[in-house]
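What's in data_22.txt: compact mmCIF, C-alpha atoms and all ligand atoms
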# COMPACT_ATOMS: atom_id res chain seq x y z
CA MET A 1 117.15 87.43 83.70
CA SER A 2 114.32 89.64 84.85
CA LEU A 3 112.28 92.04 82.75
CA ARG A 4 113.05 95.69 83.43
CA ILE A 5 110.12 98.02 82.80
CA ASP A 6 110.81 101.75 82.67
CA ILE A 7 107.76 103.97 82.90
CA LEU A 8 108.04 107.58 81.76
CA THR A 9 105.25 109.78 83.07
CA LEU A 10 104.27 113.16 84.45
CA PHE A 11 102.46 111.39 87.30
CA PRO A 12 104.66 108.68 88.84
CA GLU A 13 102.49 108.77 91.97
CA MET A 14 99.66 107.10 90.00
CA PHE A 15 101.62 103.83 89.86
CA GLY A 16 102.27 103.26 93.57
CA SER A 17 99.22 101.27 94.52
CA PHE A 18 99.01 99.46 91.16
CA LEU A 19 102.60 98.20 91.23
CA GLY A 20 102.33 97.41 94.95
CA THR A 21 99.27 95.16 94.65
CA SER A 22 98.50 91.60 93.56
CA ILE A 23 100.20 90.15 90.44
CA PRO A 24 102.45 93.13 89.52
CA LYS A 25 103.69 93.17 93.13
CA ARG A 26 104.17 89.39 93.23
CA ALA A 27 106.17 89.51 89.98
CA ALA A 28 108.56 92.09 91.47
CA GLU A 29 108.86 90.24 94.78
CA LYS A 30 109.86 87.09 92.90
CA GLY A 31 112.57 89.10 91.13
CA LEU A 32 111.00 88.41 87.72
CA VAL A 33 110.24 92.07 86.96
CA ALA A 34 111.71 95.38 88.10
CA TYR A 35 109.80 98.66 87.70
CA HIS A 36 111.50 102.03 87.35
CA LEU A 37 109.58 105.30 87.25
CA THR A 38 110.94 108.45 85.63
CA SER A 39 109.22 111.82 85.63
CA TYR A 40 109.59 114.05 82.57
CA ARG A 41 109.45 116.98 84.96
CA ASP A 42 112.91 116.09 86.31
CA PHE A 43 114.36 116.90 82.89
CA ALA A 44 112.71 120.31 82.45
CA THR A 45 115.30 123.06 82.31
CA ASP A 46 113.34 126.29 82.88
CA ALA A 47 112.24 127.82 86.15
CA HIS A 48 108.63 126.65 85.68
CA LYS A 49 109.67 123.04 84.98
CA SER A 50 107.73 123.20 81.69
CA VAL A 51 107.16 120.02 79.71
CA ASP A 52 104.49 121.30 77.30
CA ASP A 53 103.67 124.29 75.13
CA LYS A 54 100.98 125.57 72.75
CA PRO A 55 100.67 123.84 69.36
CA PHE A 56 102.15 125.61 66.33
CA GLY A 57 99.34 126.55 63.97
CA GLY A 58 96.92 127.09 66.85
CA GLY A 59 94.29 124.78 68.26
CA PRO A 60 93.21 123.64 71.68
CA GLY A 61 95.36 122.33 74.50
CA MET A 62 99.06 121.85 74.94
CA VAL A 63 101.60 119.52 73.35
CA MET A 64 104.43 117.66 75.09
CA MET A 65 107.77 119.13 74.09
CA CYS A 66 110.67 117.17 72.62
CA GLN A 67 113.57 117.93 74.95
CA THR A 68 112.17 116.59 78.22
CA VAL A 69 110.92 113.37 76.60
CA PHE A 70 114.19 112.73 74.72
CA ASP A 71 116.22 113.40 77.90
CA ALA A 72 113.99 111.16 80.04
CA VAL A 73 114.30 108.33 77.50
CA ALA A 74 118.10 108.72 77.31
CA HIS A 75 118.33 108.74 81.11
CA ALA A 76 116.20 105.60 81.51
CA GLU A 77 117.97 103.73 78.73
CA LYS A 78 121.46 104.28 80.09
CA GLN A 79 120.54 102.68 83.43
CA ASP A 80 120.91 99.22 81.90
CA PRO A 81 122.97 98.08 78.89
CA ARG A 82 120.24 95.82 77.48
CA PRO A 83 118.38 97.33 74.49
CA THR A 84 114.85 98.56 75.21
CA ARG A 85 111.65 97.97 73.36
CA ARG A 86 110.25 101.52 73.19
CA ILE A 87 106.50 101.75 73.45
CA LEU A 88 104.59 105.00 73.24
CA LEU A 89 101.00 104.87 74.49
CA SER A 90 98.70 106.55 71.99
CA PRO A 91 95.07 106.21 70.86
CA GLN A 92 96.50 106.26 67.33
CA GLY A 93 98.71 103.21 67.88
CA GLN A 94 98.48 99.52 67.09
CA ARG A 95 95.72 97.93 69.16
CA LEU A 96 97.02 96.00 72.18
CA GLU A 97 96.11 92.33 71.71
CA GLN A 98 97.17 89.13 73.43
CA SER A 99 99.60 88.24 70.62
CA LEU A 100 101.50 91.51 71.17
CA VAL A 101 101.30 91.05 74.96
CA ALA A 102 102.82 87.55 74.61
CA GLU A 103 105.61 88.91 72.44
CA LEU A 104 106.39 91.72 74.91
CA ALA A 105 106.50 89.20 77.78
CA THR A 106 109.55 87.60 76.12
CA THR A 107 111.60 90.83 76.03
CA GLU A 108 114.17 91.94 78.62
CA ARG A 109 113.44 95.67 78.70
CA LEU A 110 110.32 97.70 78.05
CA LEU A 111 110.26 101.49 78.01
CA LEU A 112 106.74 102.89 78.30
CA ILE A 113 106.28 106.49 77.23
CA SER A 114 102.99 107.93 78.54
CA GLY A 115 101.57 111.15 77.19
CA ARG A 116 99.35 113.87 78.63
CA TYR A 117 97.59 116.95 77.27
CA GLU A 118 97.00 116.75 73.49
CA GLY A 119 99.82 114.26 73.12
CA PHE A 120 103.38 114.45 71.79
CA ASP A 121 105.26 116.74 69.42
CA GLU A 122 105.42 114.51 66.30
CA ARG A 123 109.22 114.74 66.26
CA ILE A 124 109.26 112.59 69.43
CA ILE A 125 107.71 109.77 67.42
CA ASP A 126 109.88 110.45 64.36
CA GLY A 127 113.07 110.60 66.42
CA LEU A 128 112.54 107.82 68.97
CA LYS A 129 110.71 105.47 66.59
CA PRO A 130 108.69 103.75 69.32
CA LEU A 131 105.99 101.20 68.71
CA GLU A 132 102.78 103.20 69.23
CA VAL A 133 100.25 101.15 71.19
CA SER A 134 96.58 101.86 71.87
CA ILE A 135 94.43 100.06 74.43
CA GLY A 136 91.23 100.76 72.50
CA ASP A 137 89.26 103.21 70.45
CA TYR A 138 88.61 105.82 73.12
CA VAL A 139 90.62 108.75 74.39
CA LEU A 140 92.04 108.73 77.91
CA SER A 141 93.37 111.83 79.66
CA GLY A 142 96.81 110.29 79.86
CA GLY A 143 98.90 107.25 79.00
CA GLU A 144 99.32 106.08 82.61
CA LEU A 145 96.24 103.86 82.71
CA ALA A 146 97.17 102.44 79.30
CA ALA A 147 100.69 101.70 80.61
CA MET A 148 99.19 99.93 83.63
CA VAL A 149 96.94 97.82 81.40
CA LEU A 150 99.94 96.80 79.31
CA ILE A 151 102.10 96.03 82.36
CA ASP A 152 99.38 93.95 83.99
CA ALA A 153 98.76 91.92 80.84
CA VAL A 154 102.49 91.37 80.22
CA VAL A 155 103.74 90.44 83.70
CA ARG A 156 101.12 87.72 84.22
CA LEU A 157 102.52 85.91 81.16
CA ILE A 158 106.10 85.82 82.45
CA PRO A 159 106.88 82.22 83.44
CA GLY A 160 106.80 81.88 87.23
CA VAL A 161 104.64 84.92 87.97
CA LEU A 162 101.37 83.00 88.18
CA GLY A 163 101.29 79.73 90.09
CA ALA A 164 100.70 76.55 88.09
CA ALA A 165 97.12 76.46 89.39
CA ASP A 166 96.14 79.83 87.91
CA GLY A 167 98.28 79.63 84.78
CA PRO A 168 97.19 81.52 81.68
CA ALA A 169 97.10 78.53 79.26
CA ASP A 170 93.29 78.16 79.18
CA GLU A 171 92.45 81.82 79.37
CA SER A 172 90.62 83.80 76.74
CA PHE A 173 92.75 84.59 73.65
CA ALA A 174 95.58 82.19 74.62
CA ASP A 175 94.75 79.97 71.63
CA GLY A 176 92.23 82.16 69.84
CA LEU A 177 89.12 81.09 71.79
CA LEU A 178 87.39 82.71 74.77
CA GLU A 179 87.46 80.89 78.08
CA TYR A 180 84.70 78.46 79.17
CA PRO A 181 82.18 79.45 81.90
CA GLN A 182 83.34 78.91 85.48
CA TYR A 183 81.41 77.89 88.60
CA THR A 184 82.27 77.57 92.28
CA GLN A 185 80.43 76.81 95.55
CA PRO A 186 77.53 76.54 96.23
CA ARG A 187 76.18 73.92 93.81
CA GLU A 188 72.84 75.72 93.74
CA PHE A 189 72.33 79.47 94.04
CA ALA A 190 68.91 81.17 93.82
CA GLY A 191 67.57 78.15 91.89
CA MET A 192 70.50 78.15 89.44
CA GLN A 193 72.48 74.91 89.17
CA VAL A 194 76.07 74.11 88.33
CA PRO A 195 76.11 72.00 85.11
CA ASP A 196 76.05 68.27 86.04
CA VAL A 197 79.12 67.43 83.97
CA LEU A 198 81.34 69.62 86.22
CA LEU A 199 80.27 67.55 89.23
CA SER A 200 80.75 64.22 87.47
CA GLY A 201 84.44 63.78 88.23
CA ASN A 202 84.88 62.59 84.62
CA HIS A 203 87.87 64.66 83.46
CA LYS A 204 87.59 63.66 79.82
CA LYS A 205 83.93 64.70 79.67
CA ILE A 206 84.68 67.94 81.52
CA ALA A 207 87.45 68.80 79.05
CA GLU A 208 85.11 68.06 76.10
CA TRP A 209 82.32 70.19 77.61
CA ARG A 210 84.71 73.06 78.24
CA LEU A 211 86.04 73.01 74.70
CA GLU A 212 82.47 72.99 73.32
CA GLN A 213 81.59 75.95 75.55
CA ARG A 214 84.66 77.84 74.41
CA LYS A 215 83.70 77.33 70.77
CA LEU A 216 80.07 78.29 71.38
CA ARG A 217 80.97 81.44 73.31
CA THR A 218 83.51 82.58 70.77
CA GLN A 219 81.06 81.96 67.92
CA GLN A 220 78.29 83.92 69.68
CA ARG A 221 80.28 86.74 71.23
CA ARG A 222 83.23 87.25 68.93
CA PRO A 223 82.51 86.15 65.35
CA ASP A 224 85.78 87.81 64.29
CA LEU A 225 87.82 85.55 66.60
CA TRP A 226 85.73 82.53 65.64
CA GLN A 227 86.38 82.99 61.91
CA ALA A 228 90.11 83.37 62.55
CA TRP A 229 90.15 80.23 64.73
CA VAL A 230 88.26 78.16 62.14
CA ALA A 231 90.61 79.35 59.39
CA LYS A 232 93.65 78.45 61.55
CA GLN A 233 92.22 74.97 62.24
CA SER A 234 91.60 74.22 58.58
CA GLN A 235 95.08 75.53 57.67
CA GLU A 236 96.64 73.24 60.28
CA SER A 237 94.66 70.21 59.13
CA ASN A 238 95.80 70.85 55.50
CA GLN A 239 99.46 70.81 56.52
N1 LIG A 301 95.12 114.44 71.00
C1 LIG A 301 95.35 113.02 70.99
C2 LIG A 301 94.57 112.38 69.84
O1 LIG A 301 93.49 112.85 69.52
O2 LIG A 301 95.06 111.38 69.26
C3 LIG A 301 94.90 112.40 72.30
C4 LIG A 301 95.77 112.77 73.46
S1 LIG A 301 95.26 112.01 74.99
C5 LIG A 301 94.16 113.24 75.62
C6 LIG A 301 96.65 112.16 76.02
C7 LIG A 301 97.52 110.93 76.14
O3 LIG A 301 96.75 109.87 76.67
C8 LIG A 301 98.10 110.38 74.86
O4 LIG A 301 99.29 111.05 74.48
C9 LIG A 301 98.35 108.93 75.20
O5 LIG A 301 99.60 108.75 75.85
C10 LIG A 301 97.23 108.63 76.20
N2 LIG A 301 96.10 107.90 75.61
C11 LIG A 301 94.86 108.38 75.43
N3 LIG A 301 94.04 107.43 74.92
C12 LIG A 301 94.77 106.32 74.79
C13 LIG A 301 94.51 105.00 74.31
N4 LIG A 301 93.29 104.66 73.85
N5 LIG A 301 95.51 104.10 74.31
C14 LIG A 301 96.73 104.43 74.76
N6 LIG A 301 97.05 105.67 75.24
C15 LIG A 301 96.09 106.60 75.24
Structure translated into structure tokens:
Amino acid sequence: MSLRIDILTLFPEMFGSFLGTSIPKRAAEKGLVAYHLTSYRDFATDAHKSVDDKPFGGGPGMVMMCQTVFDAVAHAEKQDPRPTRRILLSPQGQRLEQSLVAELATTERLLLISGRYEGFDERIIDGLKPLEVSIGDYVLSGGELAAMVLIDAVVRLIPGVLGAADGPADESFADGLLEYPQYTQPREFAGMQVPDVLLSGNHKKIAEWRLEQRKLRTQQRRPDLWQAWVAKQSQESNQ
């Protein structure tokens, strides 16, 4: 069964080249993912095709109105009987991390609700009860780029999307550690050498070196991840 991803947006045209390139494209070609774009604008009922209005109480900018978003969600959801996981992209949401990405990669339907302007009328969140997801502590102009980040991270974890050779098992965050440093041809570049162990052909030694490098990197670059990994190791060894 393939994963159906519905994307709700005011700018469907932003997704064309992203979904038609590289891994997201390959996933669709293999029939493992299907993308469906819906524009809120198609559900606007007035002559101006309005989807936003001024905030009650005053303040800058415009707010996305309830009706068009509710109608777009209902339209997308009735296209397939499987229940959707509703995700609303928001800088105020839960931070997107690999553990959430891995969980989303096991679902059958994702519905991504991207905002624009100053964001959504709060009743959209109260009524639709989506999981609010943020891609980081900065404010984008719209949820489209955040939706693309989430799609890219999710589809590459679906079994069969990546070939065995470029599988995600060793990648950063897969088991709590960052990935080891990588080298390719030539063996020497501008006086800089590839570490001898990688040229040794000794697979056991290479695996040991890589694990050491992963630990070292994580310790130096991400003390938060390192502490969590150490705690997990000691918990596992006490079991
Ligand atoms: N006024 C909102 C606030 O201060 O929380 C920000 C609205 S932002 C300009 C417009 C839209 O961009 C949001 O509704 C959301 O869909 C998207 N967005 C902005 N930053 C984001 C982030 N860090 N993660 C996910 N989506 C984001």
>> Quick one: residues within 6 Å of Gly115 (chain A), only C-alpha atoms, excluding same-chain residues fewer than 3 positions away - as a PyMOL selection string?
In response: chain A and resi 119+142-143
>> Between CA of Leu162 (chain A) and CA of Ser2 (chain A), what distance in Å does the model show, to one decimal?
In response: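 That distance, rounded to one decimal, is 14.9 Å.
From CA of Arg156 (chain A) back to CA of Glu236 (chain A), the distance works out to 28.3 Å.
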Centre and edge lengths, as AutoDock Vina command-line options, for the axis-aligned box enclosing every listed atom of ligand LIG 301 (chain A) with 3 Å of padding on each of the six sides, in Å to one decimal?
--center_x 96.4 --center_y 109.3 --center_z 73.0 --size_x 12.3 --size_y 16.3 --size_z 13.4
> Which residue gives the smallest distance to Thr107 (chain A) among A:Ser237, A:Ser17, A:Thr84, A:Ser134, with all atoms listed in the file counted?
Replying inline: A:Thr84
> Counting only C-alpha atoms and all ligand atoms, what residues are within 8 Å of ligand LIG 301 (chain A), given as a PyMOL selection string?
Replying inline: chain A and resi 88-93+113-120+133-147
> What is the CA of Ala47 (chain A)-CA of Ile7 (chain A) distance in Å, reported with one decimal?
Replying inline: 24.5 Å
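Closest approach to Met148 (chain A) from the set A:Phe173, A:Phe18, A:Pro195, A:Leu131 is made by A:Phe18, with distances taken over all atoms listed in the file.
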> Excluding same-chain residues fewer than 3 positions from Arg109 (chain A), what lies within 10 Å of it counting all atoms listed in the file, as a PyMOL selection string?
Replying inline: chain A and resi 2-6+33-34+77+80-86+104-106+112
>> Could you list, as a list in words, every residue within 10 Å of Asp170 (chain A), counting only C-alpha atoms and ignoring same-chain residues fewer than 3 positions away?
In response: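 Contacts, with the query itself left out: Asp166, Gly167, Phe173, Ala174, Asp175, Leu177, Leu178, Glu179, Tyr180, Leu211 and Arg214 of chain A.
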Excluding region 60-74 of chain A and residues on its chain fewer than 5 positions from it, collect all residues at most 8 Å away from it, counting all atoms listed in the file, and give them as a PDB file with C-alpha atoms, keeping the file's coordinate frame.
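Result file selection_30.pdb:
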ATOM      1  CA  LEU A   8     108.040 107.580  81.760  1.00  0.00           C
ATOM      2  CA  THR A  38     110.940 108.450  85.630  1.00  0.00           C
ATOM      3  CA  SER A  39     109.220 111.820  85.630  1.00  0.00           C
ATOM      4  CA  TYR A  40     109.590 114.050  82.570  1.00  0.00           C
ATOM      5  CA  ARG A  41     109.450 116.980  84.960  1.00  0.00           C
ATOM      6  CA  PHE A  43     114.360 116.900  82.890  1.00  0.00           C
ATOM      7  CA  ALA A  44     112.710 120.310  82.450  1.00  0.00           C
ATOM      8  CA  VAL A  51     107.160 120.020  79.710  1.00  0.00           C
ATOM      9  CA  ASP A  52     104.490 121.300  77.300  1.00  0.00           C
ATOM     10  CA  ASP A  53     103.670 124.290  75.130  1.00  0.00           C
ATOM     11  CA  LYS A  54     100.980 125.570  72.750  1.00  0.00           C
ATOM     12  CA  PRO A  55     100.670 123.840  69.360  1.00  0.00           C
ATOM     13  CA  LEU A 111     110.260 101.490  78.010  1.00  0.00           C
ATOM     14  CA  GLY A 115     101.570 111.150  77.190  1.00  0.00           C
ATOM     15  CA  ARG A 116      99.350 113.870  78.630  1.00  0.00           C
ATOM     16  CA  TYR A 117      97.590 116.950  77.270  1.00  0.00           C
ATOM     17  CA  GLU A 118      97.000 116.750  73.490  1.00  0.00           C
ATOM     18  CA  GLY A 119      99.820 114.260  73.120  1.00  0.00           C
ATOM     19  CA  PHE A 120     103.380 114.450  71.790  1.00  0.00           C
ATOM     20  CA  ASP A 121     105.260 116.740  69.420  1.00  0.00           C
ATOM     21  CA  ARG A 123     109.220 114.740  66.260  1.00  0.00           C
ATOM     22  CA  ILE A 124     109.260 112.590  69.430  1.00  0.00           C
ATOM     23  CA  LEU A 128     112.540 107.820  68.970  1.00  0.00           C
TER      24      LEU A 128
END
>> Using all atoms listed in the file, can you tell me which of A:Leu100, A:Trp226, A:Glu108, A:Ser22 comes closest to Glu132 (chain A)?
In response: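 Using all atoms listed in the file, Glu132 (chain A) sits closest to A:Leu100.
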> Of the candidates A:Gly20, A:Glu212, A:Gly176, A:Arg221, which one gets nearest to Gln233 (chain A) if we count all atoms listed in the file?
Replying inline: A:Gly176
